[in-house]
>>> print(open('data_27.tsv').read())   # TSV, C-alpha atoms and all ligand atoms
chain	number	residue	atom	x	y	z
A	1	MET	CA	5.82	12.31	-9.74
A	2	ILE	CA	4.53	9.03	-11.15
A	3	GLY	CA	1.35	9.33	-13.19
A	4	ASN	CA	-0.31	9.64	-16.54
A	5	SER	CA	-3.47	11.15	-17.96
A	6	GLN	CA	-5.36	7.83	-18.01
A	7	GLU	CA	-5.16	7.33	-14.25
A	8	THR	CA	-7.27	9.02	-11.56
A	9	VAL	CA	-4.35	9.22	-9.11
A	10	TYR	CA	-0.66	10.06	-9.21
A	11	LEU	CA	2.11	9.06	-6.83
A	12	ARG	CA	4.58	11.52	-5.33
A	13	ALA	CA	7.24	11.50	-2.62
A	14	LEU	CA	5.89	11.74	0.92
A	15	ASN	CA	7.06	14.83	2.82
A	16	MET	CA	6.73	16.33	6.30
A	17	SER	CA	3.68	18.37	5.31
A	18	ASP	CA	1.79	15.04	5.02
A	19	LEU	CA	2.04	14.61	8.80
A	20	GLU	CA	-1.56	15.50	9.71
A	21	ARG	CA	-3.00	12.90	7.34
A	22	THR	CA	-0.66	10.07	8.25
A	23	LEU	CA	-1.17	10.83	11.96
A	24	GLN	CA	-4.93	10.64	11.47
A	25	TRP	CA	-4.76	7.35	9.52
A	26	HIS	CA	-2.39	5.74	12.02
A	27	ASN	CA	-4.81	6.68	14.82
A	28	ASP	CA	-7.88	5.28	13.07
A	29	PRO	CA	-8.90	1.93	14.64
A	30	GLU	CA	-11.50	1.44	11.89
A	31	LEU	CA	-8.82	1.48	9.20
A	32	TYR	CA	-6.74	-1.08	11.11
A	33	LYS	CA	-9.61	-3.59	11.05
A	34	THR	CA	-8.60	-4.47	7.48
A	35	LEU	CA	-4.84	-4.02	7.88
A	36	GLY	CA	-2.47	-6.77	9.00
A	37	GLY	CA	-0.70	-4.53	11.50
A	38	THR	CA	-1.75	-4.03	15.11
A	39	PHE	CA	-3.57	-0.81	16.02
A	40	ARG	CA	-1.66	1.32	18.53
A	41	PRO	CA	-2.46	4.99	19.20
A	42	VAL	CA	0.45	7.06	17.92
A	43	SER	CA	1.64	10.40	19.35
A	44	ARG	CA	2.50	13.34	17.12
A	45	SER	CA	6.19	13.11	18.03
A	46	THR	CA	6.34	9.38	17.23
A	47	GLU	CA	4.57	10.05	13.94
A	48	GLU	CA	7.06	12.81	13.12
A	49	GLU	CA	9.92	10.42	13.76
A	50	TRP	CA	8.25	7.74	11.60
A	51	LEU	CA	7.62	10.15	8.73
A	52	ARG	CA	11.14	11.59	8.88
A	53	ASN	CA	12.48	8.05	8.62
A	54	VAL	CA	10.09	7.11	5.81
A	55	ILE	CA	11.00	10.13	3.65
A	56	SER	CA	14.75	9.71	4.05
A	57	ALA	CA	16.54	8.27	1.01
A	58	SER	CA	16.89	4.51	1.05
A	59	PRO	CA	18.02	2.01	-1.60
A	60	ARG	CA	15.63	-0.62	-0.22
A	61	ASN	CA	12.37	1.32	0.05
A	62	VAL	CA	10.19	3.65	-2.01
A	63	ASN	CA	7.53	5.39	0.10
A	64	LEU	CA	4.92	7.37	-1.79
A	65	ALA	CA	1.82	9.49	-1.27
A	66	ILE	CA	-1.22	8.66	-3.43
A	67	CYS	CA	-2.97	11.84	-4.62
A	68	ALA	CA	-6.22	12.29	-6.54
A	69	ARG	CA	-5.54	13.94	-9.89
A	70	ASP	CA	-8.75	15.88	-9.44
A	71	GLY	CA	-7.94	18.36	-6.63
A	72	ASP	CA	-4.51	16.98	-5.67
A	73	GLU	CA	-5.77	15.65	-2.32
A	74	HIS	CA	-3.44	13.22	-0.55
A	75	ILE	CA	-5.70	10.18	-0.12
A	76	GLY	CA	-3.42	7.30	0.76
A	77	ASN	CA	0.07	5.85	0.89
A	78	LEU	CA	1.87	3.18	-1.08
A	79	TYR	CA	5.20	1.63	-0.18
A	80	LEU	CA	7.66	-0.66	-1.94
A	81	ARG	CA	9.58	-2.29	0.90
A	82	ASP	CA	12.57	-4.62	1.21
A	83	ILE	CA	13.64	-4.20	-2.41
A	84	ASP	CA	15.96	-7.06	-3.26
A	85	TRP	CA	18.07	-5.89	-6.22
A	86	VAL	CA	19.50	-9.35	-6.86
A	87	SER	CA	16.22	-11.27	-6.93
A	88	ARG	CA	14.48	-8.12	-8.25
A	89	ARG	CA	11.47	-8.32	-5.96
A	90	CYS	CA	9.84	-6.22	-3.27
A	91	GLU	CA	6.84	-6.13	-0.96
A	92	LEU	CA	3.92	-3.83	-1.74
A	93	HIS	CA	1.89	-2.01	0.94
A	94	LEU	CA	-1.18	0.05	0.10
A	95	LEU	CA	-3.82	2.03	1.93
A	96	ILE	CA	-6.46	4.52	0.96
A	97	GLY	CA	-6.79	6.44	4.24
A	98	ALA	CA	-10.26	8.00	4.33
A	99	LYS	CA	-13.37	5.86	3.90
A	100	LYS	CA	-14.93	8.42	1.56
A	101	HIS	CA	-12.12	7.79	-0.93
A	102	GLN	CA	-12.35	4.00	-0.84
A	103	SER	CA	-14.10	1.94	-3.54
A	104	ARG	CA	-13.75	4.73	-6.11
A	105	GLY	CA	-11.12	3.02	-8.21
A	106	PHE	CA	-8.16	4.84	-6.66
A	107	GLY	CA	-6.53	1.69	-5.27
A	108	LYS	CA	-6.54	-0.05	-8.67
A	109	SER	CA	-5.23	3.11	-10.33
A	110	ALA	CA	-2.33	3.34	-7.83
A	111	ILE	CA	-1.40	-0.32	-8.39
A	112	ARG	CA	-1.37	0.10	-12.18
A	113	LEU	CA	1.04	3.02	-11.79
A	114	ILE	CA	3.35	1.26	-9.36
A	115	LYS	CA	3.46	-1.86	-11.57
A	116	ASP	CA	4.69	0.26	-14.49
A	117	TYR	CA	7.22	2.02	-12.26
A	118	ALA	CA	8.47	-1.10	-10.46
A	119	PHE	CA	8.83	-3.19	-13.63
A	120	GLY	CA	9.60	-0.42	-16.14
A	121	GLU	CA	11.80	1.98	-14.13
A	122	LEU	CA	13.26	-0.03	-11.28
A	123	GLY	CA	13.67	-3.20	-13.34
A	124	LEU	CA	11.99	-5.35	-10.70
A	125	ARG	CA	10.40	-8.64	-11.69
A	126	ARG	CA	8.16	-9.59	-8.82
A	127	LEU	CA	5.83	-7.81	-6.39
A	128	TYR	CA	4.34	-9.61	-3.42
A	129	LEU	CA	2.16	-8.69	-0.48
A	130	GLU	CA	0.33	-9.99	2.56
A	131	VAL	CA	-3.39	-9.39	3.01
A	132	LEU	CA	-5.92	-10.54	5.61
A	133	ALA	CA	-7.82	-13.42	4.02
A	134	ASP	CA	-11.14	-11.84	5.03
A	135	ASN	CA	-10.31	-8.49	3.40
A	136	ALA	CA	-12.46	-9.33	0.37
A	137	VAL	CA	-12.19	-5.89	-1.21
A	138	ALA	CA	-8.39	-5.84	-1.12
A	139	VAL	CA	-8.09	-9.45	-2.38
A	140	GLN	CA	-10.43	-8.55	-5.30
A	141	VAL	CA	-8.42	-5.42	-6.09
A	142	TYR	CA	-5.12	-7.30	-6.13
A	143	GLU	CA	-6.55	-10.11	-8.28
A	144	LYS	CA	-7.99	-7.59	-10.73
A	145	CYS	CA	-4.49	-6.09	-10.98
A	146	GLY	CA	-2.95	-9.47	-11.82
A	147	PHE	CA	-1.80	-10.74	-8.41
A	148	GLN	CA	-2.32	-14.43	-7.68
A	149	LYS	CA	-2.89	-16.13	-4.35
A	150	GLU	CA	0.33	-18.00	-3.55
A	151	GLY	CA	-0.25	-19.28	-0.07
A	152	CYS	CA	-2.06	-18.99	3.20
A	153	LEU	CA	-0.42	-18.21	6.53
A	154	ARG	CA	-2.90	-19.83	8.89
A	155	SER	CA	-3.86	-18.00	12.11
A	156	HIS	CA	-1.05	-15.56	11.40
A	157	VAL	CA	-2.51	-12.40	12.94
A	158	PHE	CA	-4.41	-11.83	16.18
A	159	LYS	CA	-7.08	-9.22	15.60
A	160	ALA	CA	-10.43	-8.34	17.18
A	161	GLY	CA	-10.18	-11.31	19.52
A	162	THR	CA	-9.45	-13.97	16.89
A	163	PHE	CA	-6.51	-15.39	14.99
A	164	LYS	CA	-6.89	-14.61	11.31
A	165	ASP	CA	-5.45	-16.16	8.17
A	166	VAL	CA	-3.20	-14.06	5.96
A	167	LEU	CA	-2.86	-14.62	2.21
A	168	LEU	CA	0.44	-14.23	0.43
A	169	MET	CA	-0.16	-12.83	-3.06
A	170	GLY	CA	2.32	-12.20	-5.84
A	171	LEU	CA	2.69	-10.82	-9.34
A	172	VAL	CA	5.52	-11.72	-11.71
A	173	ALA	CA	6.26	-9.27	-14.53
A	174	GLU	CA	6.20	-11.82	-17.37
A	175	THR	CA	2.77	-13.12	-16.41
A	176	ASN	CA	1.42	-9.66	-15.75
A	177	PRO	CA	-1.59	-9.05	-18.07
A	178	GLN	CA	-1.16	-5.19	-17.88
B	1	LIG	C1	-8.15	-2.17	-0.10
B	1	LIG	C2	-7.98	-0.82	-0.78
B	1	LIG	C3	-6.51	-0.52	-1.00
B	1	LIG	C4	-8.66	-0.90	-2.16
B	1	LIG	O1	-8.59	0.34	-2.79
B	1	LIG	P1	-9.96	1.03	-3.29
B	1	LIG	O2	-9.59	2.31	-3.94
B	1	LIG	O3	-10.89	1.11	-2.15
B	1	LIG	O4	-10.46	-0.06	-4.33
B	1	LIG	P2	-11.00	0.18	-5.83
B	1	LIG	O5	-12.09	1.19	-5.79
B	1	LIG	O6	-9.84	0.44	-6.73
B	1	LIG	O7	-11.57	-1.27	-6.20
B	1	LIG	C5	-12.57	-1.85	-5.39
B	1	LIG	C6	-12.95	-3.19	-5.97
B	1	LIG	O8	-13.32	-4.04	-4.88
B	1	LIG	C7	-14.42	-4.83	-5.28
B	1	LIG	N1	-15.35	-4.84	-4.16
B	1	LIG	C8	-16.04	-3.82	-3.64
B	1	LIG	N2	-16.76	-4.25	-2.59
B	1	LIG	C9	-16.50	-5.56	-2.46
B	1	LIG	C10	-16.92	-6.57	-1.54
B	1	LIG	N3	-17.77	-6.29	-0.56
B	1	LIG	N4	-16.44	-7.80	-1.70
B	1	LIG	C11	-15.55	-8.09	-2.68
B	1	LIG	N5	-15.12	-7.17	-3.56
B	1	LIG	C12	-15.59	-5.94	-3.45
B	1	LIG	C13	-15.02	-4.29	-6.49
B	1	LIG	O9	-14.94	-5.34	-7.43
B	1	LIG	C14	-14.13	-3.14	-6.90
B	1	LIG	O10	-13.65	-3.36	-8.19
B	1	LIG	P3	-14.47	-2.73	-9.46
B	1	LIG	O11	-14.43	-1.25	-9.27
B	1	LIG	O12	-13.66	-3.18	-10.65
B	1	LIG	O13	-15.83	-3.27	-9.41
B	1	LIG	C15	-8.63	0.33	0.05
B	1	LIG	O14	-10.02	0.12	0.16
B	1	LIG	C16	-8.03	0.46	1.45
B	1	LIG	O15	-6.96	1.02	1.59
B	1	LIG	N6	-8.75	-0.06	2.46
B	1	LIG	C17	-8.30	0.07	3.84
B	1	LIG	C18	-6.91	-0.50	4.12
B	1	LIG	C19	-6.66	-1.84	3.45
B	1	LIG	O16	-7.46	-2.76	3.58
B	1	LIG	N7	-5.53	-1.91	2.74
B	1	LIG	C20	-5.11	-3.13	2.11
B	1	LIG	C21	-4.14	-3.83	2.98
B	1	LIG	S1	-3.49	-5.29	2.21
>>> encode(input="data_27.tsv", output="structure tokens")
Amino acid sequence: MIGNSQETVYLRALNMSDLERTLQWHNDPELYKTLGGTFRPVSRSTEEEWLRNVISASPRNVNLAICARDGDEHIGNLYLRDIDWVSRRCELHLLIGAKKHQSRGFGKSAIRLIKDYAFGELGLRRLYLEVLADNAVAVQVYEKCGFQKEGCLRSHVFKAGTFKDVLLMGLVAETNPQ
């Protein structure tokens, strides 16, 4: 478990009992409007396979459930992907699954925890991510957590009938304001 008493969420390992939630989120077209990935309805068996893969031990990935400290509800997922142990960097993915849990500070809380873990425990130096340029809430959240805009991938994603820009954002440990 990754957490502390100042934060409103904690992070724990994903497990097979999280299947119903992840299946629901992956089948939610509304959620995908703000995600870079393409929405595709997912069957229960495909989701089971995905989750089994995600929870298996891997030196290059850390896949976590975000839970509210108050009530222990599993409200989202956070992944560190493609960990490069030489360059000490990895890609961050984040989602708060249910709309009712969004904009309540949980996303910022999860990022603060993963920054401490990634830099303090794993010894990483840089986190980076991709975000749709028109996802104003996410861009704000990442900037408030110390990420900087590093570039723009123009017309990178086709979504809702248009090609959208994607921002590359990054955070380097030494310049991290904490
Ligand atoms: C993006 C996401 C991770 C943010 O997490 P969250 O828990 O909802 O965000 P928080 O409550 O921690 O912070 C929201 C911040 O957004 C800002 N915000 C809210 N509405 C906004 C708007 N319309 N425009 C710009 N900024 C806005 C606020 O400044 C707020 O910060 P504050 O509380 O300091 O005022 C979450 O909403 C989510 O998972 N959304 C769906 C999937 C997604 O977009 N994931 C990101 C993929 S890169």
>>> atom_distance(input="data_27.tsv", atom1="atom CA of Leu92 of chain A", atom2="atom CA of Leu129 of chain A")
5.3 Å
>>> atom_distance(input="data_27.tsv", atom1="atom C15 of ligand LIG 1 (chain B)", atom2="atom CA of Arg154 of chain A")
22.7 Å
>>> closest_residue(input="data_27.tsv", among="A:Lys149, A:Arg12, A:Arg89, A:Lys159", to="Asp72 of chain A", atoms="all atoms listed in the file")
A:Arg12
>>> closest_atom_pairs(input="data_27.tsv", of="chain A", to="ligand LIG 1 (chain B)", cutoff="10 Å", atoms="only C-alpha atoms and all ligand atoms", output="JSON lines")
{"residue": "A:Trp25", "atom": "CA", "partner": "B:LIG1", "partner_atom": "C18", "distance": 9.8}
{"residue": "A:Glu30", "atom": "CA", "partner": "B:LIG1", "partner_atom": "C17", "distance": 8.8}
{"residue": "A:Leu31", "atom": "CA", "partner": "B:LIG1", "partner_atom": "C17", "distance": 5.6}
{"residue": "A:Tyr32", "atom": "CA", "partner": "B:LIG1", "partner_atom": "C18", "distance": 7.0}
{"residue": "A:Lys33", "atom": "CA", "partner": "B:LIG1", "partner_atom": "O16", "distance": 7.8}
{"residue": "A:Thr34", "atom": "CA", "partner": "B:LIG1", "partner_atom": "O16", "distance": 4.4}
{"residue": "A:Leu35", "atom": "CA", "partner": "B:LIG1", "partner_atom": "C21", "distance": 5.0}
{"residue": "A:Gly36", "atom": "CA", "partner": "B:LIG1", "partner_atom": "C21", "distance": 6.9}
{"residue": "A:Gly37", "atom": "CA", "partner": "B:LIG1", "partner_atom": "C21", "distance": 9.2}
{"residue": "A:Ile75", "atom": "CA", "partner": "B:LIG1", "partner_atom": "O15", "distance": 9.4}
{"residue": "A:Gly76", "atom": "CA", "partner": "B:LIG1", "partner_atom": "O15", "distance": 7.3}
{"residue": "A:Asn77", "atom": "CA", "partner": "B:LIG1", "partner_atom": "O15", "distance": 8.6}
{"residue": "A:Leu78", "atom": "CA", "partner": "B:LIG1", "partner_atom": "C3", "distance": 9.2}
{"residue": "A:Leu92", "atom": "CA", "partner": "B:LIG1", "partner_atom": "S1", "distance": 8.5}
{"residue": "A:His93", "atom": "CA", "partner": "B:LIG1", "partner_atom": "S1", "distance": 6.4}
{"residue": "A:Leu94", "atom": "CA", "partner": "B:LIG1", "partner_atom": "C20", "distance": 5.4}
{"residue": "A:Leu95", "atom": "CA", "partner": "B:LIG1", "partner_atom": "O15", "distance": 3.3}
{"residue": "A:Ile96", "atom": "CA", "partner": "B:LIG1", "partner_atom": "O15", "distance": 3.6}
{"residue": "A:Gly97", "atom": "CA", "partner": "B:LIG1", "partner_atom": "O15", "distance": 6.0}
{"residue": "A:Ala98", "atom": "CA", "partner": "B:LIG1", "partner_atom": "C17", "distance": 8.2}
{"residue": "A:Lys99", "atom": "CA", "partner": "B:LIG1", "partner_atom": "O14", "distance": 7.6}
{"residue": "A:Lys100", "atom": "CA", "partner": "B:LIG1", "partner_atom": "O3", "distance": 9.1}
{"residue": "A:His101", "atom": "CA", "partner": "B:LIG1", "partner_atom": "O2", "distance": 6.7}
{"residue": "A:Gln102", "atom": "CA", "partner": "B:LIG1", "partner_atom": "O3", "distance": 3.5}
{"residue": "A:Ser103", "atom": "CA", "partner": "B:LIG1", "partner_atom": "O5", "distance": 3.1}
{"residue": "A:Arg104", "atom": "CA", "partner": "B:LIG1", "partner_atom": "O5", "distance": 3.9}
{"residue": "A:Gly105", "atom": "CA", "partner": "B:LIG1", "partner_atom": "O5", "distance": 3.2}
{"residue": "A:Phe106", "atom": "CA", "partner": "B:LIG1", "partner_atom": "O2", "distance": 4.0}
{"residue": "A:Gly107", "atom": "CA", "partner": "B:LIG1", "partner_atom": "O2", "distance": 3.4}
{"residue": "A:Lys108", "atom": "CA", "partner": "B:LIG1", "partner_atom": "O6", "distance": 3.9}
{"residue": "A:Ser109", "atom": "CA", "partner": "B:LIG1", "partner_atom": "O6", "distance": 6.4}
{"residue": "A:Ala110", "atom": "CA", "partner": "B:LIG1", "partner_atom": "O6", "distance": 8.1}
{"residue": "A:Ile111", "atom": "CA", "partner": "B:LIG1", "partner_atom": "O6", "distance": 8.6}
{"residue": "A:Leu129", "atom": "CA", "partner": "B:LIG1", "partner_atom": "S1", "distance": 7.1}
{"residue": "A:Glu130", "atom": "CA", "partner": "B:LIG1", "partner_atom": "S1", "distance": 6.1}
{"residue": "A:Val131", "atom": "CA", "partner": "B:LIG1", "partner_atom": "S1", "distance": 4.2}
{"residue": "A:Leu132", "atom": "CA", "partner": "B:LIG1", "partner_atom": "S1", "distance": 6.7}
{"residue": "A:Ala133", "atom": "CA", "partner": "B:LIG1", "partner_atom": "S1", "distance": 9.4}
{"residue": "A:Asp134", "atom": "CA", "partner": "B:LIG1", "partner_atom": "N4", "distance": 9.5}
{"residue": "A:Asn135", "atom": "CA", "partner": "B:LIG1", "partner_atom": "O16", "distance": 6.4}
{"residue": "A:Ala136", "atom": "CA", "partner": "B:LIG1", "partner_atom": "C11", "distance": 4.5}
{"residue": "A:Val137", "atom": "CA", "partner": "B:LIG1", "partner_atom": "N5", "distance": 4.0}
{"residue": "A:Ala138", "atom": "CA", "partner": "B:LIG1", "partner_atom": "C1", "distance": 3.8}
{"residue": "A:Val139", "atom": "CA", "partner": "B:LIG1", "partner_atom": "N5", "distance": 7.5}
{"residue": "A:Gln140", "atom": "CA", "partner": "B:LIG1", "partner_atom": "N5", "distance": 5.2}
{"residue": "A:Val141", "atom": "CA", "partner": "B:LIG1", "partner_atom": "C6", "distance": 5.1}
{"residue": "A:Tyr142", "atom": "CA", "partner": "B:LIG1", "partner_atom": "C4", "distance": 8.3}
{"residue": "A:Glu143", "atom": "CA", "partner": "B:LIG1", "partner_atom": "O9", "distance": 9.7}
{"residue": "A:Lys144", "atom": "CA", "partner": "B:LIG1", "partner_atom": "O12", "distance": 7.2}
{"residue": "A:Cys145", "atom": "CA", "partner": "B:LIG1", "partner_atom": "O6", "distance": 9.5}
{"residue": "A:Val166", "atom": "CA", "partner": "B:LIG1", "partner_atom": "S1", "distance": 9.5}
{"residue": "A:Leu167", "atom": "CA", "partner": "B:LIG1", "partner_atom": "S1", "distance": 9.4}
{"residue": "A:Leu168", "atom": "CA", "partner": "B:LIG1", "partner_atom": "S1", "distance": 9.9}
{"residue": "A:Met169", "atom": "CA", "partner": "B:LIG1", "partner_atom": "S1", "distance": 9.8}
>>> closest_residue(input="data_27.tsv", among="A:Leu124, A:Asn15, A:Ala160, A:Arg44", to="Val172 of chain A", atoms="only C-alpha atoms")
A:Leu124
>>> residues_near_point(input="data_27.tsv", point="(-9.6, 15.0, -9.5)", cutoff="12 Å", atoms="all atoms listed in the file", output="ChimeraX atom specification")
/A:5-10,67-75,101,104,106
>>> write_last_selection(input="data_27.tsv", atoms="C-alpha atoms", output="short mmCIF file (atom, residue, chain, number, x, y, z; two decimals), in the coordinates of the input")
data_model
loop_
_atom_site.label_atom_id
_atom_site.label_comp_id
_atom_site.auth_asym_id
_atom_site.auth_seq_id
_atom_site.Cartn_x
_atom_site.Cartn_y
_atom_site.Cartn_z
CA SER A 5 -3.47 11.15 -17.96
CA GLN A 6 -5.36 7.83 -18.01
CA GLU A 7 -5.16 7.33 -14.25
CA THR A 8 -7.27 9.02 -11.56
CA VAL A 9 -4.35 9.22 -9.11
CA TYR A 10 -0.66 10.06 -9.21
CA CYS A 67 -2.97 11.84 -4.62
CA ALA A 68 -6.22 12.29 -6.54
CA ARG A 69 -5.54 13.94 -9.89
CA ASP A 70 -8.75 15.88 -9.44
CA GLY A 71 -7.94 18.36 -6.63
CA ASP A 72 -4.51 16.98 -5.67
CA GLU A 73 -5.77 15.65 -2.32
CA HIS A 74 -3.44 13.22 -0.55
CA ILE A 75 -5.70 10.18 -0.12
CA HIS A 101 -12.12 7.79 -0.93
CA ARG A 104 -13.75 4.73 -6.11
CA PHE A 106 -8.16 4.84 -6.66
#
>>> axis_aligned_box(input="data_27.tsv", around="segment 155-174 of chain A", padding_each_side="4 Å", output="lines of an AutoDock Vina configuration file")
center_x = -2.1
center_y = -13.2
center_z = 1.1
size_x = 24.7
size_y = 17.7
size_z = 44.9
>>> residues_around(input="data_27.tsv", residues="Arg81 of chain A", least_positions_apart="2", cutoff="12 Å", atoms="only C-alpha atoms", output="MDAnalysis selection string")
chainID A and resid 54 58:64 78:79 83:85 88:94 118 127:129
>>> atom_distance(input="data_27.tsv", atom1="atom CA of Met1 of chain A", atom2="atom CA of Ala57 of chain A")
15.7 Å
>>> closest_residue(input="data_27.tsv", among="A:Asp116, A:Asp28, A:Glu47, A:Glu174", to="Asn4 of chain A", atoms="only C-alpha atoms")
A:Asp116
>>> residues_near_point(input="data_27.tsv", point="(-1.9, 4.4, 19.0)", cutoff="10 Å", atoms="all atoms listed in the file", output="VMD selection string")
chain A and resid 23 26 to 29 38 to 43 46 to 47
>>> closest_residue(input="data_27.tsv", among="A:Thr162, A:Gly120, A:Lys115, A:Leu19", to="Phe147 of chain A", atoms="only C-alpha atoms")
A:Lys115
>>> residues_around(input="data_27.tsv", residues="His156 of chain A", least_positions_apart="4", cutoff="8 Å", atoms="only C-alpha atoms", output="MDAnalysis selection string")
chainID A and resid 163:166
>>> closest_residue(input="data_27.tsv", among="A:Gly146, A:Arg21, A:Phe158, A:Ala173", to="Phe119 of chain A", atoms="only C-alpha atoms")
A:Ala173
>>> decode(input="data_27.tsv", residues="segment 38-59 of chain A", atoms="C-alpha atoms", output="short mmCIF file (atom, residue, chain, number, x, y, z; two decimals), in the first residue's frame")
data_model
loop_
_atom_site.label_atom_id
_atom_site.label_comp_id
_atom_site.auth_asym_id
_atom_site.auth_seq_id
_atom_site.Cartn_x
_atom_site.Cartn_y
_atom_site.Cartn_z
CA THR A 38 -9.73 4.53 -28.75
CA PHE A 39 -13.03 3.35 -27.26
CA ARG A 40 -13.80 -0.30 -28.03
CA PRO A 41 -16.43 -2.32 -26.16
CA VAL A 42 -14.63 -4.99 -24.14
CA SER A 43 -15.99 -8.44 -23.25
CA ARG A 44 -15.67 -9.89 -19.76
CA SER A 45 -13.24 -12.56 -20.95
CA THR A 46 -11.00 -10.01 -22.70
CA GLU A 47 -11.07 -7.86 -19.57
CA GLU A 48 -10.13 -10.86 -17.43
CA GLU A 49 -7.18 -11.54 -19.70
CA TRP A 50 -6.14 -7.86 -19.57
CA LEU A 51 -6.39 -7.71 -15.78
CA ARG A 52 -4.50 -11.00 -15.32
CA ASN A 53 -1.72 -9.58 -17.47
CA VAL A 54 -1.74 -6.22 -15.66
CA ILE A 55 -1.45 -7.78 -12.18
CA SER A 56 1.36 -10.16 -13.11
CA ALA A 57 4.80 -9.15 -11.83
CA SER A 58 6.81 -7.07 -14.27
CA PRO A 59 10.07 -5.14 -13.90
#
